[in-house]
file run_37.cif (mmCIF, C-alpha atoms and all ligand atoms)
data_target
loop_
_atom_site.label_atom_id
_atom_site.label_comp_id
_atom_site.auth_asym_id
_atom_site.auth_seq_id
_atom_site.Cartn_x
_atom_site.Cartn_y
_atom_site.Cartn_z
CA MET O 181 -1.76 19.65 -79.22
CA ASN O 182 -4.43 19.84 -76.58
CA SER O 183 -4.74 21.21 -73.08
CA GLY O 184 -3.06 19.69 -70.04
CA SER O 185 -0.54 21.83 -68.26
CA CYS O 186 0.91 22.67 -71.64
CA ALA O 187 -1.80 25.13 -72.62
CA ARG O 188 -0.36 28.58 -73.06
CA GLU O 189 -3.56 30.50 -73.81
CA ARG O 190 -3.84 32.94 -70.93
CA ASP O 191 -7.34 32.32 -69.49
CA GLN O 192 -7.17 28.61 -69.84
CA GLY O 193 -3.61 28.77 -68.53
CA ASP O 194 -4.72 30.64 -65.41
CA ALA O 195 -7.54 28.20 -64.74
CA ILE O 196 -5.13 25.27 -65.08
CA ALA O 197 -2.60 27.01 -62.81
CA ASN O 198 -5.29 27.37 -60.13
CA VAL O 199 -6.22 23.72 -60.37
CA ARG O 200 -2.55 22.71 -60.10
CA MET O 201 -2.06 24.97 -57.07
CA GLU O 202 -5.14 23.48 -55.39
CA ARG O 203 -3.90 19.95 -56.02
CA VAL O 204 -0.51 20.75 -54.51
CA LEU O 205 -2.07 22.41 -51.46
CA ALA O 206 -4.42 19.45 -50.96
CA GLY O 207 -1.42 17.10 -50.93
CA LEU O 208 0.50 19.26 -48.47
CA ARG O 209 -2.44 19.34 -46.08
CA GLU O 210 -2.35 15.54 -45.83
CA SER O 211 -0.34 13.65 -43.29
CA PRO O 212 2.32 12.77 -44.31
CA LYS O 213 2.49 15.72 -46.69
CA ARG O 214 2.36 14.60 -50.32
CA ILE O 215 3.84 16.01 -53.52
CA GLU O 216 2.78 14.26 -56.72
CA PRO O 217 5.49 12.61 -58.86
CA ILE O 218 4.61 14.80 -61.86
CA TRP O 219 6.63 17.53 -60.08
CA PHE O 220 9.88 15.64 -60.76
CA TYR O 221 9.50 16.27 -64.45
CA ASP O 222 10.68 19.64 -65.67
CA PRO O 223 13.47 19.69 -68.30
CA ARG O 224 16.12 19.11 -65.61
CA GLY O 225 14.05 16.35 -63.98
CA SER O 226 13.45 14.61 -67.30
CA ALA O 227 17.19 14.74 -68.01
CA LEU O 228 17.94 13.33 -64.54
CA PHE O 229 15.42 10.56 -65.09
CA GLU O 230 17.11 9.60 -68.36
CA ARG O 231 20.43 9.37 -66.51
CA ILE O 232 18.81 7.25 -63.76
CA CYS O 233 17.66 4.86 -66.49
CA THR O 234 21.30 4.06 -67.34
CA ALA O 235 22.61 4.06 -63.74
CA PRO O 236 24.13 0.67 -62.82
CA GLU O 237 21.78 0.20 -59.85
CA TYR O 238 18.60 1.02 -61.78
CA TYR O 239 17.93 -2.35 -63.42
CA LEU O 240 14.36 -1.52 -64.55
CA THR O 241 14.97 0.20 -67.88
CA ARG O 242 17.79 -2.06 -68.96
CA THR O 243 15.77 -5.15 -68.08
CA GLU O 244 12.63 -4.00 -69.87
CA ILE O 245 14.66 -3.03 -72.94
CA GLY O 246 16.16 -6.54 -72.91
CA ILE O 247 12.69 -8.10 -72.81
CA THR O 248 11.47 -5.82 -75.57
CA ARG O 249 14.49 -6.55 -77.76
CA ALA O 250 14.11 -10.28 -77.31
CA ASP O 251 10.35 -10.52 -77.60
CA ALA O 252 9.27 -7.61 -79.83
CA PRO O 253 8.57 -9.97 -82.75
CA GLU O 254 6.18 -12.00 -80.56
CA MET O 255 4.65 -8.84 -79.16
CA ALA O 256 4.13 -7.47 -82.67
CA ALA O 257 2.52 -10.72 -83.78
CA ALA O 258 0.17 -10.65 -80.77
CA LEU O 259 -0.78 -7.01 -81.39
CA GLY O 260 -1.40 -7.48 -85.10
CA PRO O 261 -0.82 -5.27 -88.15
CA ARG O 262 -1.76 -1.60 -88.72
CA VAL O 263 -2.28 -0.63 -85.07
CA VAL O 264 -2.46 2.84 -83.56
CA LEU O 265 -0.02 2.92 -80.65
CA ILE O 266 -0.89 5.33 -77.81
CA GLU O 267 1.70 5.93 -75.10
CA PRO O 268 0.73 7.85 -71.92
CA GLY O 269 3.83 9.38 -70.30
CA SER O 270 5.98 8.71 -73.36
CA GLY O 271 9.14 10.54 -72.19
CA ALA O 272 12.03 9.76 -74.52
CA SER O 273 10.13 6.84 -76.13
CA LEU O 274 13.19 4.57 -76.21
CA LYS O 275 11.43 1.24 -75.74
CA THR O 276 8.78 2.40 -78.15
CA ARG O 277 11.34 2.51 -80.96
CA LEU O 278 12.06 -1.18 -80.54
CA LEU O 279 8.36 -1.93 -80.62
CA LEU O 280 7.71 0.33 -83.62
CA GLU O 281 10.52 -1.37 -85.54
CA ALA O 282 8.90 -4.75 -84.93
CA LEU O 283 5.28 -3.74 -85.59
CA ARG O 284 3.82 -4.43 -89.03
CA ALA O 285 2.84 -1.19 -90.79
CA PRO O 286 1.74 0.73 -87.67
CA ARG O 287 -0.89 3.36 -88.56
CA ALA O 288 0.06 6.03 -86.04
CA TYR O 289 1.93 6.71 -82.84
CA VAL O 290 0.36 9.02 -80.25
CA PRO O 291 2.84 10.02 -77.53
CA VAL O 292 1.18 11.71 -74.54
CA ASP O 293 3.46 13.67 -72.22
CA ILE O 294 3.23 16.50 -69.74
CA SER O 295 6.59 17.99 -70.74
CA ARG O 296 6.12 20.01 -73.93
CA GLU O 297 9.87 20.23 -74.61
CA GLN O 298 10.30 16.49 -74.22
CA LEU O 299 7.28 15.76 -76.41
CA LEU O 300 8.38 18.03 -79.25
CA ALA O 301 11.94 16.69 -79.22
CA THR O 302 10.71 13.09 -79.27
CA THR O 303 8.20 13.79 -82.03
CA ARG O 304 10.85 15.40 -84.19
CA ARG O 305 13.26 12.50 -83.76
CA LEU O 306 10.63 9.85 -84.41
CA ARG O 307 9.41 11.61 -87.57
CA ASP O 308 13.00 11.66 -88.83
CA ASP O 309 13.61 8.01 -88.07
CA PHE O 310 10.17 6.64 -89.07
CA PRO O 311 9.23 8.79 -92.08
CA SER O 312 6.20 6.68 -93.00
CA LEU O 313 4.74 6.75 -89.47
CA GLN O 314 2.13 9.34 -88.48
CA VAL O 315 3.24 10.81 -85.14
CA GLN O 316 0.44 12.73 -83.40
CA PRO O 317 1.65 14.15 -80.06
CA VAL O 318 -0.75 15.06 -77.26
CA CYS O 319 0.55 17.38 -74.57
CA ALA O 320 -1.38 16.41 -71.46
CA ASP O 321 -1.21 15.03 -67.94
CA PHE O 322 -2.30 11.47 -68.60
CA THR O 323 -3.53 11.12 -65.00
CA GLU O 324 -6.39 13.37 -66.09
CA ALA O 325 -8.81 12.83 -68.98
CA PHE O 326 -7.35 13.77 -72.36
CA ALA O 327 -8.73 13.68 -75.88
CA LEU O 328 -7.24 11.54 -78.64
CA PRO O 329 -6.50 13.25 -81.96
CA THR O 330 -9.44 12.47 -84.25
CA ALA O 331 -7.16 10.82 -86.79
CA ALA O 332 -6.23 8.24 -84.15
CA LEU O 333 -9.87 7.49 -83.41
CA HIS O 334 -11.47 7.17 -86.82
CA GLY O 335 -11.10 4.12 -88.96
CA GLU O 336 -10.78 0.47 -88.19
CA ALA O 337 -7.27 0.49 -86.74
CA ARG O 338 -6.77 -1.48 -83.54
CA ARG O 339 -5.73 0.81 -80.70
CA ILE O 340 -2.97 -0.34 -78.35
CA VAL O 341 -2.25 1.59 -75.18
CA TYR O 342 1.45 1.11 -74.41
CA PHE O 343 2.35 1.76 -70.77
CA PRO O 344 5.91 0.55 -70.14
CA GLY O 345 8.42 1.52 -67.46
CA SER O 346 6.37 0.33 -64.48
CA THR O 347 4.83 3.79 -64.31
CA LEU O 348 1.66 2.04 -63.12
CA GLY O 349 3.61 1.40 -59.91
CA ASN O 350 3.40 5.10 -59.06
CA PHE O 351 -0.29 4.71 -58.35
CA ALA O 352 -1.87 3.24 -55.26
CA ARG O 353 -4.07 0.25 -55.94
CA SER O 354 -7.41 1.95 -56.51
CA ALA O 355 -5.87 4.73 -58.62
CA ALA O 356 -3.96 2.10 -60.62
CA SER O 357 -7.19 0.22 -61.21
CA ASP O 358 -8.96 3.43 -62.35
CA LEU O 359 -6.08 4.25 -64.68
CA LEU O 360 -6.13 0.77 -66.25
CA ARG O 361 -9.88 1.10 -66.70
CA ARG O 362 -9.37 4.38 -68.58
CA MET O 363 -6.70 2.73 -70.73
CA ARG O 364 -9.15 -0.03 -71.54
CA ALA O 365 -11.66 2.65 -72.58
CA LEU O 366 -9.02 4.37 -74.75
CA ALA O 367 -8.16 1.06 -76.41
CA GLY O 368 -11.80 0.17 -77.01
CA THR O 369 -13.34 -3.31 -77.07
CA ARG O 370 -11.05 -4.60 -79.85
CA GLY O 371 -7.95 -2.94 -78.46
CA ALA O 372 -5.35 -3.95 -75.90
CA VAL O 373 -3.04 -2.61 -73.23
CA LEU O 374 0.68 -3.50 -73.32
CA LEU O 375 1.91 -2.97 -69.77
CA GLY O 376 5.39 -3.07 -68.23
CA VAL O 377 5.61 -3.86 -64.52
CA ASP O 378 8.45 -4.22 -62.04
CA ARG O 379 8.34 -7.46 -60.03
CA VAL O 380 8.78 -8.08 -56.30
CA LYS O 381 12.37 -9.17 -55.65
CA ASN O 382 15.23 -9.08 -53.15
CA THR O 383 14.94 -5.98 -50.92
CA ALA O 384 18.59 -4.94 -51.29
CA VAL O 385 18.28 -4.93 -55.09
CA LEU O 386 15.13 -2.80 -54.86
CA GLU O 387 16.54 -0.30 -52.39
CA ARG O 388 19.81 0.07 -54.31
CA ALA O 389 17.84 0.98 -57.45
CA TYR O 390 16.35 3.99 -55.65
CA ASN O 391 19.49 5.00 -53.75
CA ASP O 392 22.14 5.06 -56.47
CA ALA O 393 25.71 5.87 -55.48
CA ALA O 394 25.99 8.81 -57.90
CA GLY O 395 23.07 10.55 -56.16
CA LEU O 396 20.98 10.85 -59.32
CA THR O 397 17.78 9.67 -57.65
CA ALA O 398 18.39 12.04 -54.73
CA ALA O 399 18.77 14.96 -57.16
CA PHE O 400 15.68 13.81 -59.07
CA ASN O 401 13.66 13.65 -55.83
CA LEU O 402 14.85 17.10 -54.67
CA ASN O 403 14.11 18.51 -58.11
CA ALA O 404 10.40 18.45 -57.22
CA LEU O 405 11.12 21.24 -54.72
CA HIS O 406 13.06 23.34 -57.24
CA HIS O 407 10.24 22.86 -59.73
CA LEU O 408 7.58 23.94 -57.18
CA ASN O 409 9.67 26.97 -56.24
CA ARG O 410 9.95 28.05 -59.84
CA GLU O 411 6.47 27.19 -61.11
CA LEU O 412 4.28 27.94 -58.09
CA GLY O 413 6.46 30.50 -56.30
CA ALA O 414 6.97 28.18 -53.33
CA ASP O 415 9.95 28.85 -51.04
CA PHE O 416 11.31 25.40 -50.17
CA ASP O 417 14.93 25.30 -49.06
CA PRO O 418 16.05 22.11 -50.84
CA THR O 419 19.22 21.96 -48.71
CA ALA O 420 17.02 21.35 -45.65
CA PHE O 421 15.79 18.01 -47.06
CA ALA O 422 17.41 14.63 -47.52
CA HIS O 423 16.46 11.91 -50.00
CA ARG O 424 15.30 8.57 -48.57
CA ALA O 425 13.75 5.61 -50.39
CA PRO O 426 12.85 2.66 -48.13
CA TRP O 427 11.10 -0.56 -49.18
CA GLY O 428 7.69 -1.07 -47.53
CA PRO O 429 6.95 -4.80 -47.46
CA GLU O 430 3.30 -4.47 -46.33
CA GLN O 431 2.37 -2.32 -49.31
CA SER O 432 4.96 -3.90 -51.59
CA ARG O 433 6.44 -0.60 -52.65
CA ILE O 434 9.45 1.70 -52.56
CA GLU O 435 8.44 5.02 -51.04
CA MET O 436 10.39 8.12 -52.01
CA HIS O 437 10.63 10.60 -49.16
CA LEU O 438 12.19 14.00 -48.60
CA VAL O 439 13.10 14.17 -44.93
CA ALA O 440 13.43 17.50 -43.11
CA ASN O 441 16.89 17.62 -41.52
CA ARG O 442 15.84 20.49 -39.22
CA GLU O 443 12.71 22.26 -38.07
CA LEU O 444 11.50 24.31 -41.00
CA GLY O 445 8.63 26.14 -42.64
CA PHE O 446 7.67 26.84 -46.23
CA SER O 447 4.94 28.69 -48.10
CA VAL O 448 2.99 27.63 -51.15
CA GLY O 449 0.47 30.15 -52.46
CA ASP O 450 -1.01 31.86 -49.41
CA GLU O 451 -0.50 28.89 -47.16
CA ARG O 452 2.25 28.28 -44.63
CA PHE O 453 3.42 24.78 -43.61
CA GLU O 454 5.66 23.62 -40.76
CA MET O 455 7.74 20.48 -40.39
CA THR O 456 9.81 19.22 -37.51
CA ARG O 457 13.15 17.49 -37.92
CA GLY O 458 12.60 13.93 -39.22
CA ASP O 459 9.17 14.68 -40.78
CA HIS O 460 8.95 13.75 -44.43
CA LEU O 461 7.30 14.75 -47.65
CA LEU O 462 6.07 11.73 -49.61
CA THR O 463 6.96 12.23 -53.29
CA GLU O 464 6.46 8.85 -54.94
CA TYR O 465 5.28 5.30 -54.58
CA SER O 466 6.86 2.69 -56.76
CA HIS O 467 4.82 -0.47 -56.32
CA LYS O 468 6.33 -3.83 -57.21
CA TYR O 469 4.08 -6.69 -58.26
CA THR O 470 3.78 -10.43 -58.33
CA LEU O 471 2.18 -11.78 -61.50
CA ARG O 472 -0.81 -12.62 -59.33
CA ASP O 473 -1.07 -8.94 -58.21
CA VAL O 474 -1.05 -7.74 -61.83
CA ALA O 475 -3.67 -10.26 -62.88
CA ASP O 476 -5.94 -9.17 -60.00
CA LEU O 477 -5.39 -5.50 -60.77
CA ALA O 478 -6.10 -6.05 -64.47
CA HIS O 479 -9.23 -8.01 -63.63
CA SER O 480 -10.47 -5.18 -61.38
CA ALA O 481 -10.24 -2.92 -64.46
CA GLY O 482 -12.09 -5.27 -66.81
CA LEU O 483 -8.90 -6.61 -68.41
CA ALA O 484 -7.42 -10.09 -68.62
CA VAL O 485 -3.77 -11.11 -69.03
CA ARG O 486 -3.32 -12.78 -72.45
CA ARG O 487 0.48 -12.95 -72.67
CA THR O 488 3.43 -12.40 -70.33
CA TRP O 489 7.05 -11.75 -71.35
CA SER O 490 9.77 -11.65 -68.67
CA ASP O 491 13.56 -11.55 -68.34
CA PRO O 492 15.41 -14.71 -67.27
CA GLN O 493 15.56 -13.51 -63.62
CA ASP O 494 11.84 -12.60 -63.50
CA TRP O 495 12.72 -9.08 -62.39
CA PHE O 496 10.39 -7.35 -64.84
CA SER O 497 7.47 -8.31 -67.06
CA VAL O 498 5.63 -6.97 -70.07
CA LEU O 499 2.01 -8.10 -70.23
CA LEU O 500 -0.60 -8.04 -72.94
CA LEU O 501 -3.99 -7.21 -71.44
CA GLU O 502 -7.28 -7.40 -73.33
CA PRO O 503 -10.81 -6.48 -72.33
CA THR O 504 -12.61 -9.38 -70.67
C1 LIG X 1 9.24 6.15 -64.07
C2 LIG X 1 7.82 5.62 -62.32
C3 LIG X 1 8.99 3.91 -63.40
O1 LIG X 1 9.15 4.31 -60.15
O2 LIG X 1 11.03 3.52 -60.84
C4 LIG X 1 12.94 6.35 -60.80
C5 LIG X 1 10.47 6.73 -61.46
N1 LIG X 1 11.65 7.16 -59.32
N2 LIG X 1 13.65 6.52 -59.68
C6 LIG X 1 10.13 4.34 -60.89
C7 LIG X 1 11.67 6.74 -60.56
C8 LIG X 1 12.87 7.04 -58.80
C9 LIG X 1 10.22 5.39 -62.00
N3 LIG X 1 9.07 5.30 -62.93
#
call {"tool": "encode", "arguments": {"input": "run_37.cif", "output": "structure tokens"}}
result
Amino acid sequence: MNSGSCARERDQGDAIANVRMERVLAGLRESPKRIEPIWFYDPRGSALFERICTAPEYYLTRTEIGITRADAPEMAAALGPRVVLIEPGSGASLKTRLLLEALRAPRAYVPVDISREQLLATTRRLRDDFPSLQVQPVCADFTEAFALPTAALHGEARRIVYFPGSTLGNFARSAASDLLRRMRALAGTRGAVLLGVDRVKNTAVLERAYNDAAGLTAAFNLNALHHLNRELGADFDPTAFAHRAPWGPEQSRIEMHLVANRELGFSVGDERFEMTRGDHLLTEYSHKYTLRDVADLAHSAGLAVRRTWSDPQDWFSVLLLEPT
């Protein structure tokens, strides 16, 4: 497995730790202060996310699984036989299983994930369940450049970048466009991107999905602070922050905030930060799209929408994008 934050070799590890620290400090110097969503995902955060995915309010996963179940045969036909499937941010790879079952003789599956534990567990399970499939995990932060295993690159196999879960929604427009452009490059001229996106819908439905009654999303949001405390030696007091996730109609996104419920200070590295009561840390964007938005975004990255699969309510869509 290559690089990313998963490298354990000491020198390289130190260099990566410095880069991570610098990125966190840069975010905290902004106004509002920003913490990147990757900080949700340590083993506890990944487990919380999996529980969010089955929470009654969080319709996204269930809806996308429904689309994939119903339309995997059509998706598989559109993708063609003997593909290499590459999945940035693979997590538990649940939807991927449905796709893999429908695909005709897939050549290889390349899960890419920042969480080493998650990646190894998923790889093990997939190898057990799909004995004839080559699984070639890459431990990396997919928001940065990463190398594909050579076996996935050589040969004539068509490369499909699978990016479900509306993870694209975590990126602001220009970053989302850059990311799609890199996926297009990974897929190559004959390849394709299979993209899952959450659609614009009733505000109450959207806000409920990010403010579940069991408090799972709140715990997930606050977990970023626990993770920073542990990994970077920060000294956040998580009890001084409250979870908030309002819908922003202008930008068409849910914004996850951690609001200071009193005046407070915290240190990260050698730097000290202050917040007054009511100030917030911005931890995540979750953009919601119209089909028109997705088509424009794809176009800006040199991709065109070839197929669209949606649920009966048009709450979520899976799109096949190919280089223009
Ligand atoms: C994994 C990015 C799709 O934005 O809905 C879930 C993450 N954040 N609840 C999303 C998340 C809060 C999720 N994605």
call {"tool": "residues_near_ligand", "arguments": {"input": "run_37.cif", "ligand": "ligand LIG 1 (chain X)", "cutoff": "9 Å", "atoms": "only C-alpha atoms and all ligand atoms", "output": "PyMOL selection string"}}
result
chain O and resi 217+220+229+232-233+238+240-241+269+344-350+377-378+389-391+396-398+400-401+425+434+436+464-467
call {"tool": "atom_distance", "arguments": {"input": "run_37.cif", "atom1": "CA of Leu374 in chain O", "atom2": "CA of Arg277 in chain O"}}
result
14.4 Å
call {"tool": "atom_distance", "arguments": {"input": "run_37.cif", "atom1": "CA of Ser354 in chain O", "atom2": "CA of Glu430 in chain O"}}
result
16.1 Å
call {"tool": "residues_around", "arguments": {"input": "run_37.cif", "residues": "Leu359 in chain O", "least_positions_apart": "5", "cutoff": "10 Å", "atoms": "all atoms listed in the file", "output": "list in words"}}
result
Phe322, Thr323, Glu324, Ala325, Leu348, Phe351, Arg353, Ser354, Arg364, Ala365 and Ala481 of chain O
call {"tool": "atom_distance", "arguments": {"input": "run_37.cif", "atom1": "CA of Ala285 in chain O", "atom2": "CA of Leu500 in chain O"}}
result
19.4 Å
call {"tool": "residues_around", "arguments": {"input": "run_37.cif", "residues": "Leu477 in chain O", "least_positions_apart": "6", "cutoff": "10 Å", "atoms": "only C-alpha atoms", "output": "VMD selection string"}}
result
chain O and resid 353 to 354 356 to 358 360 to 361 469 471 483 to 484
call {"tool": "closest_residue", "arguments": {"input": "run_37.cif", "among": "O:Ser273, O:Asn403, O:Asp417, O:Pro426", "to": "Ala384 in chain O", "atoms": "all atoms listed in the file"}}
result
O:Pro426
call {"tool": "residues_around", "arguments": {"input": "run_37.cif", "residues": "Ile340 in chain O", "least_positions_apart": "3", "cutoff": "12 Å", "atoms": "all atoms listed in the file", "output": "PyMOL selection string"}}
result
chain O and resi 255-256+258-268+279-280+283+286-291+332-333+337+343+363-375+500-503
call {"tool": "closest_residue", "arguments": {"input": "run_37.cif", "among": "O:His437, O:Arg362, O:Arg457, O:Arg388", "to": "Ala404 in chain O", "atoms": "only C-alpha atoms"}}
result
O:His437
call {"tool": "closest_residue", "arguments": {"input": "run_37.cif", "among": "O:Arg472, O:Arg200, O:Arg209, O:His407", "to": "Asp222 in chain O", "atoms": "only C-alpha atoms"}}
result
O:His407
call {"tool": "residues_near_point", "arguments": {"input": "run_37.cif", "point": "(3.5, 16.8, -70.9)", "cutoff": "6 Å", "atoms": "only C-alpha atoms", "output": "PyMOL selection string"}}
result
chain O and resi 293-296+319-321
call {"tool": "closest_residue", "arguments": {"input": "run_37.cif", "among": "O:Asp392, O:Glu435, O:Glu451, O:Asp494", "to": "Ala352 in chain O", "atoms": "only C-alpha atoms"}}
result
O:Glu435
call {"tool": "closest_residue", "arguments": {"input": "run_37.cif", "among": "O:Arg442, O:His479, O:Arg410, O:His423", "to": "Trp219 in chain O", "atoms": "all atoms listed in the file"}}
result
O:Arg410
call {"tool": "decode", "arguments": {"input": "run_37.cif", "residues": "range 243-262 of chain O", "atoms": "N, CA, C and O atoms", "output": "JSON list (two decimals), in the first residue's frame"}}
result
[["chain", "number", "residue", "atom", "x", "y", "z"],
["O", 243, "THR", "N", -31.32, 5.21, 0.00],
["O", 243, "THR", "CA", -31.84, 5.54, -1.31],
["O", 243, "THR", "C", -30.86, 5.12, -2.42],
["O", 243, "THR", "O", -31.25, 4.54, -3.43],
["O", 244, "GLU", "N", -29.59, 5.38, -2.20],
["O", 244, "GLU", "CA", -28.60, 5.02, -3.22],
["O", 244, "GLU", "C", -28.48, 3.50, -3.36],
["O", 244, "GLU", "O", -28.31, 2.97, -4.45],
["O", 245, "ILE", "N", -28.61, 2.79, -2.21],
["O", 245, "ILE", "CA", -28.57, 1.32, -2.28],
["O", 245, "ILE", "C", -29.77, 0.83, -3.09],
["O", 245, "ILE", "O", -29.63, -0.08, -3.92],
["O", 246, "GLY", "N", -30.93, 1.44, -2.88],
["O", 246, "GLY", "CA", -32.13, 1.08, -3.65],
["O", 246, "GLY", "C", -31.92, 1.26, -5.15],
["O", 246, "GLY", "O", -32.27, 0.38, -5.95],
["O", 247, "ILE", "N", -31.33, 2.39, -5.52],
["O", 247, "ILE", "CA", -31.06, 2.65, -6.94],
["O", 247, "ILE", "C", -30.08, 1.60, -7.48],
["O", 247, "ILE", "O", -30.27, 1.04, -8.57],
["O", 248, "THR", "N", -29.06, 1.33, -6.69],
["O", 248, "THR", "CA", -28.03, 0.39, -7.15],
["O", 248, "THR", "C", -28.61, -1.01, -7.30],
["O", 248, "THR", "O", -28.35, -1.70, -8.29],
["O", 249, "ARG", "N", -29.41, -1.42, -6.31],
["O", 249, "ARG", "CA", -30.08, -2.72, -6.41],
["O", 249, "ARG", "C", -30.92, -2.83, -7.66],
["O", 249, "ARG", "O", -30.86, -3.81, -8.39],
["O", 250, "ALA", "N", -31.72, -1.80, -7.89],
["O", 250, "ALA", "CA", -32.66, -1.84, -9.01],
["O", 250, "ALA", "C", -31.95, -1.76, -10.36],
["O", 250, "ALA", "O", -32.35, -2.42, -11.31],
["O", 251, "ASP", "N", -30.91, -0.96, -10.43],
["O", 251, "ASP", "CA", -30.35, -0.63, -11.74],
["O", 251, "ASP", "C", -28.94, -1.16, -11.99],
["O", 251, "ASP", "O", -28.35, -0.86, -13.04],
["O", 252, "ALA", "N", -28.41, -1.97, -11.05],
["O", 252, "ALA", "CA", -27.06, -2.51, -11.25],
["O", 252, "ALA", "C", -26.91, -3.25, -12.59],
["O", 252, "ALA", "O", -25.88, -3.10, -13.25],
["O", 253, "PRO", "N", -27.92, -4.03, -13.01],
["O", 253, "PRO", "CA", -27.75, -4.71, -14.30],
["O", 253, "PRO", "C", -27.55, -3.72, -15.46],
["O", 253, "PRO", "O", -26.67, -3.91, -16.30],
["O", 254, "GLU", "N", -28.33, -2.62, -15.45],
["O", 254, "GLU", "CA", -28.15, -1.60, -16.49],
["O", 254, "GLU", "C", -26.80, -0.90, -16.36],
["O", 254, "GLU", "O", -26.15, -0.59, -17.35],
["O", 255, "MET", "N", -26.42, -0.63, -15.12],
["O", 255, "MET", "CA", -25.12, 0.02, -14.90],
["O", 255, "MET", "C", -24.00, -0.88, -15.43],
["O", 255, "MET", "O", -23.10, -0.44, -16.13],
["O", 256, "ALA", "N", -24.10, -2.17, -15.09],
["O", 256, "ALA", "CA", -23.06, -3.12, -15.51],
["O", 256, "ALA", "C", -22.99, -3.20, -17.03],
["O", 256, "ALA", "O", -21.90, -3.25, -17.62],
["O", 257, "ALA", "N", -24.16, -3.18, -17.67],
["O", 257, "ALA", "CA", -24.18, -3.24, -19.13],
["O", 257, "ALA", "C", -23.53, -1.99, -19.72],
["O", 257, "ALA", "O", -22.78, -2.06, -20.70],
["O", 258, "ALA", "N", -23.80, -0.83, -19.10],
["O", 258, "ALA", "CA", -23.23, 0.43, -19.61],
["O", 258, "ALA", "C", -21.72, 0.51, -19.38],
["O", 258, "ALA", "O", -21.00, 1.12, -20.16],
["O", 259, "LEU", "N", -21.25, -0.14, -18.29],
["O", 259, "LEU", "CA", -19.81, -0.08, -17.99],
["O", 259, "LEU", "C", -19.03, -1.06, -18.84],
["O", 259, "LEU", "O", -17.88, -0.81, -19.20],
["O", 260, "GLY", "N", -19.65, -2.20, -19.15],
["O", 260, "GLY", "CA", -19.00, -3.20, -19.99],
["O", 260, "GLY", "C", -18.27, -4.25, -19.16],
["O", 260, "GLY", "O", -18.16, -4.14, -17.95],
["O", 261, "PRO", "N", -17.78, -5.30, -19.86],
["O", 261, "PRO", "CA", -17.13, -6.42, -19.17],
["O", 261, "PRO", "C", -15.68, -6.11, -18.80],
["O", 261, "PRO", "O", -15.07, -5.20, -19.38],
["O", 262, "ARG", "N", -15.14, -6.87, -17.84],
["O", 262, "ARG", "CA", -13.70, -6.89, -17.51],
["O", 262, "ARG", "C", -13.14, -5.53, -17.12],
["O", 262, "ARG", "O", -12.03, -5.17, -17.51]]
